[in-house]
>>> print(open('work_2.csv').read())   # CSV, C-alpha atoms
chain,number,residue,atom,x,y,z
A,663,ARG,CA,-6.0,105.0,-57.9
A,664,ASN,CA,-4.6,108.3,-59.0
A,665,LYS,CA,-3.9,109.4,-55.4
A,666,THR,CA,-2.5,106.0,-54.6
A,667,ALA,CA,0.0,106.1,-57.5
A,668,LYS,CA,1.1,109.6,-56.4
A,669,LEU,CA,1.8,108.6,-52.8
A,670,ALA,CA,3.3,105.2,-53.5
A,671,ASN,CA,5.7,106.6,-56.2
A,672,ALA,CA,6.7,109.5,-54.0
A,673,ILE,CA,8.7,107.1,-51.7
A,674,LYS,CA,11.6,106.3,-54.0
A,675,LYS,CA,14.2,105.5,-51.4
A,676,VAL,CA,14.5,105.0,-47.7
A,677,LYS,CA,17.3,106.9,-45.9
A,678,ALA,CA,18.6,106.4,-42.4
A,679,THR,CA,19.7,109.6,-40.7
A,680,ALA,CA,22.8,109.9,-38.5
A,681,GLU,CA,22.1,111.3,-35.1
A,682,SER,CA,25.8,112.5,-34.8
A,683,ASP,CA,29.0,112.6,-36.8
A,684,ASN,CA,30.0,109.3,-35.2
A,685,ASP,CA,26.9,107.6,-36.7
A,686,THR,CA,27.5,108.6,-40.3
A,687,GLU,CA,28.9,105.2,-41.5
A,688,SER,CA,26.3,103.3,-39.6
A,689,ALA,CA,23.6,105.4,-41.2
A,690,LYS,CA,25.0,104.7,-44.6
A,691,LEU,CA,25.0,100.9,-43.9
A,692,ASN,CA,21.4,101.1,-42.5
A,693,THR,CA,20.3,103.0,-45.6
A,694,HIS,CA,21.7,100.2,-47.9
A,695,LEU,CA,20.2,97.5,-45.7
A,696,LEU,CA,16.7,99.1,-45.7
A,697,ASN,CA,16.5,99.6,-49.4
A,698,PHE,CA,17.9,96.1,-50.0
A,699,LEU,CA,15.2,94.6,-47.8
A,700,ARG,CA,12.5,96.8,-49.4
A,701,ARG,CA,13.6,95.6,-52.8
A,702,LYS,CA,14.2,91.9,-52.0
A,703,LEU,CA,11.0,91.4,-50.0
A,704,ASN,CA,8.8,93.5,-52.2
A,705,TRP,CA,7.8,95.8,-49.4
A,706,PHE,CA,6.9,98.5,-52.0
A,707,LEU,CA,3.9,96.4,-53.0
A,708,THR,CA,2.9,95.9,-49.4
A,709,GLU,CA,3.2,99.6,-48.8
A,710,ARG,CA,1.2,100.4,-51.9
A,711,SER,CA,-1.6,98.0,-50.9
A,712,ALA,CA,-1.8,99.7,-47.5
A,713,ILE,CA,-1.9,103.1,-49.1
A,714,GLN,CA,-4.7,102.1,-51.5
A,715,GLU,CA,-6.7,100.6,-48.7
A,716,SER,CA,-6.3,103.7,-46.5
A,717,ARG,CA,-7.4,106.0,-49.3
A,718,ILE,CA,-10.6,104.0,-49.7
A,719,VAL,CA,-11.7,103.4,-46.1
A,720,GLY,CA,-9.4,105.7,-44.2
A,721,LEU,CA,-7.1,103.3,-42.4
A,722,ALA,CA,-4.8,100.3,-43.0
A,723,TRP,CA,-2.1,98.6,-40.9
A,724,LEU,CA,1.4,97.3,-41.5
A,725,LYS,CA,2.2,94.3,-39.3
A,726,ALA,CA,5.9,93.6,-38.8
A,727,THR,CA,7.0,90.5,-37.0
A,728,TRP,CA,10.0,88.1,-37.1
A,729,LEU,CA,9.6,84.4,-38.0
A,730,ILE,CA,12.6,82.3,-37.2
A,731,ASP,CA,11.5,79.4,-39.3
A,732,LYS,CA,11.6,81.5,-42.4
A,733,GLU,CA,15.3,82.3,-42.0
A,734,GLU,CA,17.8,80.7,-44.4
A,735,GLU,CA,21.4,80.0,-43.6
A,736,ASP,CA,22.8,82.5,-46.1
A,737,LYS,CA,19.6,84.6,-46.2
A,738,PRO,CA,18.7,85.4,-42.6
A,739,TRP,CA,16.8,88.5,-43.7
A,740,LYS,CA,14.0,86.3,-44.9
A,741,GLY,CA,12.9,86.2,-41.3
A,742,PHE,CA,11.1,89.5,-41.7
A,743,ASP,CA,7.4,89.0,-42.0
A,744,VAL,CA,5.5,92.1,-43.1
A,745,SER,CA,1.8,92.1,-44.1
A,746,MET,CA,-1.0,94.6,-44.8
A,747,GLU,CA,-4.0,94.3,-42.5
A,748,THR,CA,-7.4,96.0,-43.0
A,749,ALA,CA,-9.0,98.3,-40.5
A,750,ASP,CA,-11.8,95.9,-39.6
A,751,LYS,CA,-9.3,93.2,-38.5
A,752,VAL,CA,-7.4,95.4,-36.0
A,753,LEU,CA,-9.3,96.5,-32.9
A,754,LEU,CA,-8.2,99.2,-30.5
A,755,ALA,CA,-9.3,100.0,-26.9
A,756,PRO,CA,-12.4,102.2,-26.8
A,757,GLY,CA,-11.6,105.9,-26.7
A,758,THR,CA,-8.1,105.4,-28.3
A,759,THR,CA,-7.2,108.2,-30.8
A,760,MET,CA,-4.9,108.0,-33.8
A,761,THR,CA,-2.6,110.5,-32.0
A,762,GLU,CA,-2.1,108.1,-29.2
A,763,VAL,CA,-1.3,105.3,-31.7
A,764,PHE,CA,1.3,107.4,-33.4
A,765,GLU,CA,2.8,108.4,-30.0
A,766,GLY,CA,2.9,104.7,-28.9
A,767,ARG,CA,0.5,105.2,-26.0
A,768,ILE,CA,-2.1,102.6,-26.7
A,769,LYS,CA,-2.8,100.1,-23.9
A,770,TRP,CA,-3.7,97.1,-26.2
A,771,LEU,CA,-4.5,96.0,-29.7
A,772,VAL,CA,-6.3,92.9,-30.9
A,773,HIS,CA,-5.7,91.4,-34.4
A,774,GLU,CA,-8.4,89.1,-35.7
A,775,TYR,CA,-8.1,86.7,-38.6
A,776,GLU,CA,-9.1,83.3,-39.8
A,777,MET,CA,-6.7,80.3,-40.2
A,778,ASP,CA,-7.2,76.6,-40.9
A,779,LEU,CA,-5.7,73.9,-38.6
A,780,ALA,CA,-3.0,72.9,-41.1
A,781,SER,CA,-1.6,76.4,-41.1
A,782,LEU,CA,-1.8,76.6,-37.3
A,783,ARG,CA,0.2,73.4,-36.9
A,784,LYS,CA,3.1,75.0,-38.8
A,785,ASN,CA,3.5,77.5,-36.0
A,786,PRO,CA,6.1,76.2,-33.5
A,787,ASN,CA,4.7,78.4,-30.7
A,788,TYR,CA,1.5,76.4,-30.5
A,789,SER,CA,1.5,73.0,-28.7
A,790,VAL,CA,0.3,69.8,-30.4
A,791,ALA,CA,-2.0,69.0,-27.5
A,792,THR,CA,-3.7,72.4,-27.6
A,793,LEU,CA,-4.2,72.1,-31.4
A,794,ASN,CA,-5.7,68.6,-31.0
A,795,ILE,CA,-8.2,70.1,-28.6
A,796,LEU,CA,-9.0,72.8,-31.2
A,797,GLU,CA,-9.3,70.1,-33.9
A,798,ALA,CA,-12.1,68.4,-32.0
A,799,ARG,CA,-14.1,71.6,-32.1
A,800,ALA,CA,-16.5,72.4,-35.0
A,801,GLY,CA,-14.8,75.6,-35.9
A,802,SER,CA,-16.0,79.1,-35.3
A,803,LYS,CA,-18.9,81.1,-36.7
A,804,ILE,CA,-17.2,84.1,-38.2
A,805,GLU,CA,-19.1,87.3,-37.7
A,806,GLU,CA,-18.0,89.5,-40.6
A,807,SER,CA,-17.6,93.2,-40.2
A,808,SER,CA,-19.7,95.6,-42.3
A,809,LEU,CA,-16.5,96.3,-44.3
A,810,ALA,CA,-16.1,92.6,-45.1
A,811,GLN,CA,-19.7,92.3,-46.0
A,812,ALA,CA,-19.4,95.2,-48.4
A,813,ARG,CA,-16.5,93.5,-50.1
A,814,GLU,CA,-18.4,90.3,-50.4
A,815,MET,CA,-21.4,92.1,-52.0
A,816,PHE,CA,-19.0,93.7,-54.5
A,817,GLN,CA,-17.4,90.3,-55.3
A,818,ALA,CA,-20.7,88.4,-55.4
A,819,GLY,CA,-20.5,87.6,-59.1
A,820,GLN,CA,-17.0,86.2,-58.8
A,821,LYS,CA,-16.3,82.5,-58.4
A,822,LYS,CA,-15.0,81.4,-55.0
A,823,GLY,CA,-12.7,78.5,-54.2
A,824,ILE,CA,-13.4,75.7,-51.7
A,825,LYS,CA,-13.4,77.2,-48.2
A,826,LYS,CA,-11.6,75.1,-45.6
A,827,LYS,CA,-12.7,74.8,-42.0
A,828,ALA,CA,-11.4,77.9,-40.4
A,829,HIS,CA,-10.9,79.0,-36.9
A,830,LYS,CA,-11.2,82.5,-35.6
A,831,ILE,CA,-7.9,83.7,-34.2
A,832,GLN,CA,-7.5,86.7,-31.9
A,833,GLU,CA,-4.0,88.0,-31.0
A,834,TYR,CA,-3.9,90.3,-28.0
A,835,TRP,CA,-1.0,92.6,-27.9
A,836,GLY,CA,-0.8,94.8,-24.8
A,837,LYS,CA,-0.7,95.0,-21.0
A,838,TYR,CA,-1.6,92.0,-18.9
A,839,GLU,CA,-1.6,91.8,-15.1
A,840,VAL,CA,0.9,89.4,-13.7
A,841,GLY,CA,0.8,89.5,-9.9
A,842,ASP,CA,0.6,93.1,-8.8
A,843,GLU,CA,2.2,94.5,-12.0
A,844,GLU,CA,1.3,95.0,-15.6
A,845,GLU,CA,3.6,93.5,-18.2
A,846,ASP,CA,3.6,93.5,-22.0
A,847,TYR,CA,2.1,90.2,-23.2
A,848,LEU,CA,1.1,88.4,-26.3
A,849,CYS,CA,-2.0,86.1,-26.0
A,850,VAL,CA,-3.4,84.1,-28.9
A,851,ILE,CA,-6.9,82.6,-28.6
A,852,ALA,CA,-8.7,80.4,-31.1
A,853,ASP,CA,-12.5,80.4,-31.4
A,854,GLU,CA,-12.8,82.6,-28.3
A,855,ALA,CA,-12.2,79.5,-26.2
A,856,VAL,CA,-8.8,77.8,-26.7
A,857,VAL,CA,-5.7,79.6,-25.6
A,858,LEU,CA,-2.9,78.8,-28.1
A,859,ARG,CA,-0.3,81.1,-26.6
A,860,LYS,CA,0.2,83.2,-23.5
A,861,GLU,CA,3.6,84.6,-22.8
A,862,ALA,CA,5.6,87.8,-22.4
A,863,ASN,CA,5.7,89.9,-25.5
A,864,PRO,CA,8.7,88.6,-27.5
A,865,TYR,CA,9.5,92.2,-28.7
A,866,GLN,CA,9.4,94.0,-25.4
A,867,GLU,CA,13.2,94.0,-25.2
A,868,VAL,CA,13.5,95.0,-28.9
A,869,LEU,CA,11.0,97.7,-29.5
A,870,ASP,CA,10.2,100.8,-27.5
A,871,ASN,CA,6.5,100.2,-28.2
A,872,PRO,CA,6.3,96.4,-28.4
A,873,ILE,CA,3.1,96.4,-30.4
A,874,PRO,CA,4.4,95.8,-34.0
A,875,PHE,CA,1.6,97.5,-35.9
A,876,VAL,CA,1.9,100.7,-37.9
A,877,PRO,CA,-1.1,102.7,-39.0
A,878,ILE,CA,-1.3,104.0,-42.6
A,879,VAL,CA,-3.9,106.7,-42.5
A,880,ALA,CA,-5.7,108.9,-45.1
A,881,ASN,CA,-7.4,111.9,-43.5
A,882,LEU,CA,-7.1,112.3,-39.7
A,883,VAL,CA,-10.1,113.8,-37.9
A,884,GLY,CA,-9.3,115.6,-34.7
A,885,ASN,CA,-9.3,113.2,-31.7
A,886,GLU,CA,-11.4,110.6,-33.5
A,887,MET,CA,-10.4,107.0,-33.3
A,888,TYR,CA,-10.6,106.3,-37.0
A,889,PRO,CA,-9.6,108.5,-40.0
A,890,VAL,CA,-11.8,108.8,-43.1
A,891,GLY,CA,-10.9,107.9,-46.7
A,892,ASP,CA,-11.0,110.0,-49.8
A,893,LEU,CA,-14.4,108.7,-50.8
A,894,GLU,CA,-16.4,109.3,-47.6
A,895,PRO,CA,-16.3,113.2,-47.8
A,896,ALA,CA,-17.5,113.0,-51.4
A,897,GLU,CA,-20.1,110.3,-50.9
A,898,SER,CA,-23.1,112.7,-51.2
A,899,LEU,CA,-21.5,114.2,-54.4
A,900,PHE,CA,-21.2,110.7,-56.0
A,901,ASN,CA,-24.9,110.1,-55.2
A,902,GLU,CA,-25.7,113.5,-56.7
A,903,LEU,CA,-23.7,112.7,-59.8
A,904,ASN,CA,-25.4,109.3,-60.1
A,905,ASP,CA,-28.8,110.9,-59.9
A,906,THR,CA,-27.9,113.6,-62.5
A,907,ARG,CA,-26.6,111.0,-65.0
A,908,ASN,CA,-29.8,108.9,-64.5
A,909,GLN,CA,-31.9,111.9,-65.2
A,910,ARG,CA,-29.9,112.6,-68.4
A,911,MET,CA,-30.2,109.0,-69.5
A,912,ASP,CA,-34.0,109.1,-68.9
A,913,THR,CA,-34.2,112.1,-71.2
A,914,VAL,CA,-32.1,110.3,-73.9
A,915,THR,CA,-34.3,107.2,-73.5
A,916,LEU,CA,-37.4,109.3,-74.1
A,917,ASN,CA,-35.8,110.7,-77.3
A,918,ILE,CA,-35.4,107.1,-78.6
A,919,ASP,CA,-38.9,106.1,-77.7
A,920,PRO,CA,-40.9,109.4,-77.3
A,921,ALA,CA,-44.5,109.9,-76.4
A,922,LYS,CA,-47.0,109.6,-79.3
A,923,GLU,CA,-50.3,111.4,-80.1
A,924,ILE,CA,-52.7,109.0,-81.9
A,925,VAL,CA,-55.9,110.0,-83.9
A,926,ARG,CA,-58.6,107.6,-82.7
A,927,GLY,CA,-59.9,107.1,-86.3
A,928,ALA,CA,-56.5,105.9,-87.5
A,929,ASN,CA,-57.3,102.5,-85.8
A,930,ILE,CA,-53.6,102.0,-84.9
A,931,ASP,CA,-52.5,98.9,-83.0
A,932,LYS,CA,-50.7,100.2,-79.9
A,933,ASN,CA,-48.3,97.2,-80.0
A,934,GLN,CA,-46.9,98.6,-83.2
A,935,LEU,CA,-45.8,101.8,-81.4
A,936,VAL,CA,-43.1,99.9,-79.4
A,937,ALA,CA,-39.7,100.8,-80.9
A,938,ARG,CA,-37.9,97.9,-82.5
A,939,ARG,CA,-35.9,96.9,-85.6
A,940,GLY,CA,-37.8,97.1,-88.8
A,941,TRP,CA,-40.4,99.3,-87.2
A,942,VAL,CA,-43.8,99.5,-89.1
A,943,ILE,CA,-46.9,101.4,-88.1
A,944,GLU,CA,-50.2,100.8,-90.0
A,945,SER,CA,-52.6,103.7,-90.0
A,946,ASN,CA,-56.1,104.0,-91.7
A,947,ILE,CA,-55.5,107.7,-92.4
A,948,PRO,CA,-52.5,109.8,-93.1
A,949,GLY,CA,-50.9,111.4,-90.1
A,950,GLY,CA,-52.7,109.0,-87.7
A,951,VAL,CA,-49.8,109.2,-85.2
A,952,ARG,CA,-47.5,112.1,-84.2
A,953,PHE,CA,-44.3,111.6,-82.2
A,954,ILE,CA,-43.7,114.2,-79.5
A,955,PRO,CA,-40.0,114.7,-79.0
A,956,PRO,CA,-38.8,115.5,-75.5
A,957,ASP,CA,-37.2,118.7,-74.5
A,958,MET,CA,-33.4,118.1,-75.0
A,959,GLN,CA,-32.6,121.1,-72.9
A,960,GLY,CA,-32.8,118.7,-70.0
A,961,VAL,CA,-29.8,116.8,-71.4
A,962,VAL,CA,-27.8,120.0,-71.8
A,963,ALA,CA,-28.6,121.1,-68.2
A,964,ALA,CA,-27.7,117.7,-66.9
A,965,VAL,CA,-24.3,117.7,-68.7
A,966,ASN,CA,-23.5,121.1,-67.3
A,967,GLU,CA,-24.5,120.0,-63.8
A,968,GLU,CA,-22.3,117.0,-64.2
A,969,LYS,CA,-19.3,119.2,-64.8
A,970,ILE,CA,-19.9,121.2,-61.6
A,971,ILE,CA,-20.4,118.0,-59.5
A,972,ARG,CA,-17.2,116.4,-61.0
A,973,GLY,CA,-15.3,119.6,-60.2
A,974,ASP,CA,-16.6,119.4,-56.6
A,975,ILE,CA,-15.5,115.8,-56.3
A,976,GLN,CA,-12.0,116.7,-57.6
A,977,GLN,CA,-11.8,119.5,-55.1
A,978,VAL,CA,-12.6,117.1,-52.2
A,979,THR,CA,-10.3,114.2,-53.3
A,980,GLY,CA,-7.5,116.3,-54.8
A,981,ALA,CA,-7.4,114.1,-57.9
A,982,LEU,CA,-7.6,116.4,-61.0
A,983,ASP,CA,-9.0,115.5,-64.3
A,984,PHE,CA,-7.8,117.7,-67.2
A,985,SER,CA,-9.7,115.9,-69.9
A,986,GLN,CA,-12.2,117.6,-72.1
A,987,ASP,CA,-15.7,118.3,-70.8
A,988,SER,CA,-14.4,118.5,-67.3
A,989,ASN,CA,-13.3,122.0,-67.1
A,990,VAL,CA,-14.5,123.0,-63.7
A,991,GLN,CA,-12.3,122.4,-60.7
A,992,ALA,CA,-12.8,123.9,-57.2
A,993,GLY,CA,-15.0,126.5,-58.6
A,994,VAL,CA,-12.3,127.6,-61.1
A,995,SER,CA,-12.4,127.0,-64.8
A,996,ILE,CA,-9.3,125.1,-65.8
A,997,ASP,CA,-9.7,125.6,-69.6
A,998,THR,CA,-7.2,128.4,-69.2
A,999,ALA,CA,-3.5,128.3,-68.2
A,1000,LYS,CA,-4.1,130.4,-65.1
A,1001,GLY,CA,-7.1,128.4,-64.0
A,1002,ALA,CA,-5.1,125.1,-64.5
A,1003,ILE,CA,-2.2,126.4,-62.5
A,1004,ILE,CA,-4.5,127.5,-59.6
A,1005,ALA,CA,-6.3,124.1,-59.6
A,1006,LYS,CA,-3.1,122.1,-59.8
A,1007,THR,CA,-1.5,124.1,-57.0
A,1008,GLU,CA,-4.4,123.3,-54.7
A,1009,ALA,CA,-4.2,119.6,-55.6
A,1010,ASP,CA,-0.4,119.5,-55.1
A,1011,GLU,CA,-0.8,121.1,-51.6
A,1012,GLN,CA,-3.2,118.3,-50.6
A,1013,THR,CA,-0.9,115.6,-52.0
A,1014,ALA,CA,2.2,117.1,-50.3
A,1015,ASP,CA,0.3,117.0,-47.0
A,1016,ASP,CA,-0.7,113.4,-47.5
A,1017,ILE,CA,2.9,112.5,-48.3
A,1018,GLU,CA,4.1,114.1,-45.0
A,1019,VAL,CA,1.6,112.0,-43.0
A,1020,LEU,CA,2.6,108.9,-44.9
A,1021,LYS,CA,6.3,109.6,-44.1
A,1022,VAL,CA,5.4,109.6,-40.3
A,1023,SER,CA,4.0,106.1,-40.7
A,1024,LEU,CA,6.8,104.8,-42.7
A,1025,ARG,CA,9.4,106.1,-40.2
A,1026,MET,CA,7.6,104.1,-37.5
A,1027,PHE,CA,7.7,101.0,-39.8
A,1028,TYR,CA,11.4,101.3,-40.7
A,1029,ARG,CA,12.4,101.9,-37.1
A,1030,ILE,CA,10.8,98.6,-36.3
A,1031,VAL,CA,12.8,97.0,-39.2
A,1032,LEU,CA,16.1,98.4,-38.0
A,1033,ALA,CA,15.4,97.2,-34.4
A,1034,TYR,CA,14.7,93.7,-35.8
A,1035,ALA,CA,17.9,93.9,-37.9
A,1036,GLN,CA,20.0,94.7,-34.8
A,1037,ALA,CA,18.4,92.0,-32.7
A,1038,PHE,CA,17.9,89.1,-35.1
A,1039,LEU,CA,20.4,89.4,-38.0
A,1040,ASP,CA,23.1,87.6,-36.2
A,1041,ARG,CA,25.3,86.4,-39.1
A,1042,GLU,CA,26.8,88.0,-42.2
A,1043,PHE,CA,25.2,88.1,-45.6
A,1044,VAL,CA,25.9,89.9,-48.8
A,1045,ILE,CA,23.8,92.9,-49.9
A,1046,ARG,CA,23.6,93.2,-53.7
>>> encode(input="work_2.csv", output="structure tokens")
Amino acid sequence: RNKTAKLANAIKKVKATAESDNDTESAKLNTHLLNFLRRKLNWFLTERSAIQESRIVGLAWLKATWLIDKEEEDKPWKGFDVSMETADKVLLAPGTTMTEVFEGRIKWLVHEYEMDLASLRKNPNYSVATLNILEARAGSKIEESSLAQAREMFQAGQKKGIKKKAHKIQEYWGKYEVGDEEEDYLCVIADEAVVLRKEANPYQEVLDNPIPFVPIVANLVGNEMYPVGDLEPAESLFNELNDTRNQRMDTVTLNIDPAKEIVRGANIDKNQLVARRGWVIESNIPGGVRFIPPDMQGVVAAVNEEKIIRGDIQQVTGALDFSQDSNVQAGVSIDTAKGAIIAKTEADEQTADDIEVLKVSLRMFYRIVLAYAQAFLDREFVIR
């Protein structure tokens, strides 16, 4: 959460840059427009959700489309439809790298999600006859990804609402053979059987790369398809920290209820040796039982080991903790001014690098927004 707050709050304002002196006034207008849309449509929250998701699992997506039915007469800008999509719902062609995604060189992308029939009927691009065929079906068996299963395990104790009959929707954005040529197409399939939509990509004349998905990444890994989040590199350290704390608590538990040495002639009932409130032990002779305290040096060693592990975790994630009893960071003691400066500088370098990568993604996103504005905002409105 600390890293998410740093990155999200680092983007205070969006600025359009003029390519030449003749574009200065246009750039100023675009700057006002982008920040107006960002404020009115709460894109800051959408961006923040994508940033947080990417810091956890490594990747999230911003999907930017235009919905004509959402436009209002005096508020045409409400046609913008921006959403955050998780990594497990957006599929890329095998062998695709994130570098190719940023360069706009991906051949296709598939977006998977669930939707009930009532919501599908609101989409004017789907014919009534096709939706009636879909209604006659029993719905689809959703095969959840490992990420979705992990989320469900985490939320197992929470109450769930009534789940409507859902259909599996797959949107294909990419090249499609038409005759002897490949063209940019949008195909929408329900339950892997019913074709809801199959037509030329509606954004091919608007966008240079007509696939309106923008990746928000955490830590890129060479030519790998998927980046990694902040938690994955520190996973073994979290497990080590958990084991160390369990060992410390085992020692503390032994101190509360330690081992006992009993004289056989004392005739002590062993059930009386169980620690409880109003504890009484009856012995036939004085000194019939002796409590053997554990070695508390184990607790001290565990606490010291925790400090080291927490420092290693902070080094990996770049999220510093200057609170007491956490005075080790990246192998440097931060209980001195010099050590704190060194540790903070290292963390700031990581954060600055993350911000630059985030800016690349947001530039892609706001270029799409400007392209939509030029193509679809066809009447005047007031920016306040």
>>> residues_around(input="work_2.csv", residues="segment 706-715 of chain A", least_positions_apart="2", cutoff="7 Å", atoms="all atoms listed in the file", output="list of chain:residue names")
A:Thr666, A:Ala670, A:Arg700, A:Asn704, A:Arg717, A:Ile718, A:Val719, A:Leu721, A:Ala722, A:Trp723, A:Ser745, A:Met746, A:Ile878
>>> atom_distance(input="work_2.csv", atom1="atom CA of Ala780 of chain A", atom2="atom CA of Ala828 of chain A")
9.8 Å
>>> closest_residue(input="work_2.csv", among="A:Glu776, A:Val890, A:Val914, A:Asn863", to="Lys827 of chain A", atoms="only C-alpha atoms")
A:Glu776
>>> residues_around(input="work_2.csv", residues="Leu796 of chain A", least_positions_apart="6", cutoff="9 Å", atoms="all atoms listed in the file", output="PyMOL selection string")
chain A and resi 779+829+852-853+855-856
>>> atom_distance(input="work_2.csv", atom1="atom CA of Leu771 of chain A", atom2="atom CA of Lys837 of chain A")
9.5 Å
>>> residues_around(input="work_2.csv", residues="Trp770 of chain A", least_positions_apart="5", cutoff="12 Å", atoms="all atoms listed in the file", output="number ranges by chain")
A: 752-758, 762-763, 833-838, 844-849, 863, 871-875
>>> atom_distance(input="work_2.csv", atom1="atom CA of Glu897 of chain A", atom2="atom CA of His773 of chain A")
28.9 Å
>>> closest_residue(input="work_2.csv", among="A:Val1031, A:Asp685, A:Val925, A:Leu1020", to="Asn671 of chain A", atoms="only C-alpha atoms")
A:Leu1020
>>> closest_residue(input="work_2.csv", among="A:Glu797, A:Asp870, A:Glu886, A:Glu1018", to="Ala1033 of chain A", atoms="all atoms listed in the file")
A:Asp870
>>> closest_residue(input="work_2.csv", among="A:Phe698, A:Tyr775, A:Phe900, A:Phe1027", to="Lys740 of chain A", atoms="all atoms listed in the file")
A:Phe698
>>> closest_residue(input="work_2.csv", among="A:Glu734, A:Asp1016, A:Asp905, A:Asp683", to="Val965 of chain A", atoms="all atoms listed in the file")
A:Asp905
>>> residues_around(input="work_2.csv", residues="Val936 of chain A", least_positions_apart="3", cutoff="12 Å", atoms="all atoms listed in the file", output="list in words")
Ile918, Asp919, Pro920, Ala921, Lys922, Asp931, Lys932, Asn933, Arg939, Gly940, Trp941, Val942 and Ile943 of chain A
>>> closest_residue(input="work_2.csv", among="A:Phe1043, A:Tyr888, A:Phe742, A:Phe1038", to="Ala726 of chain A", atoms="all atoms listed in the file")
A:Phe742
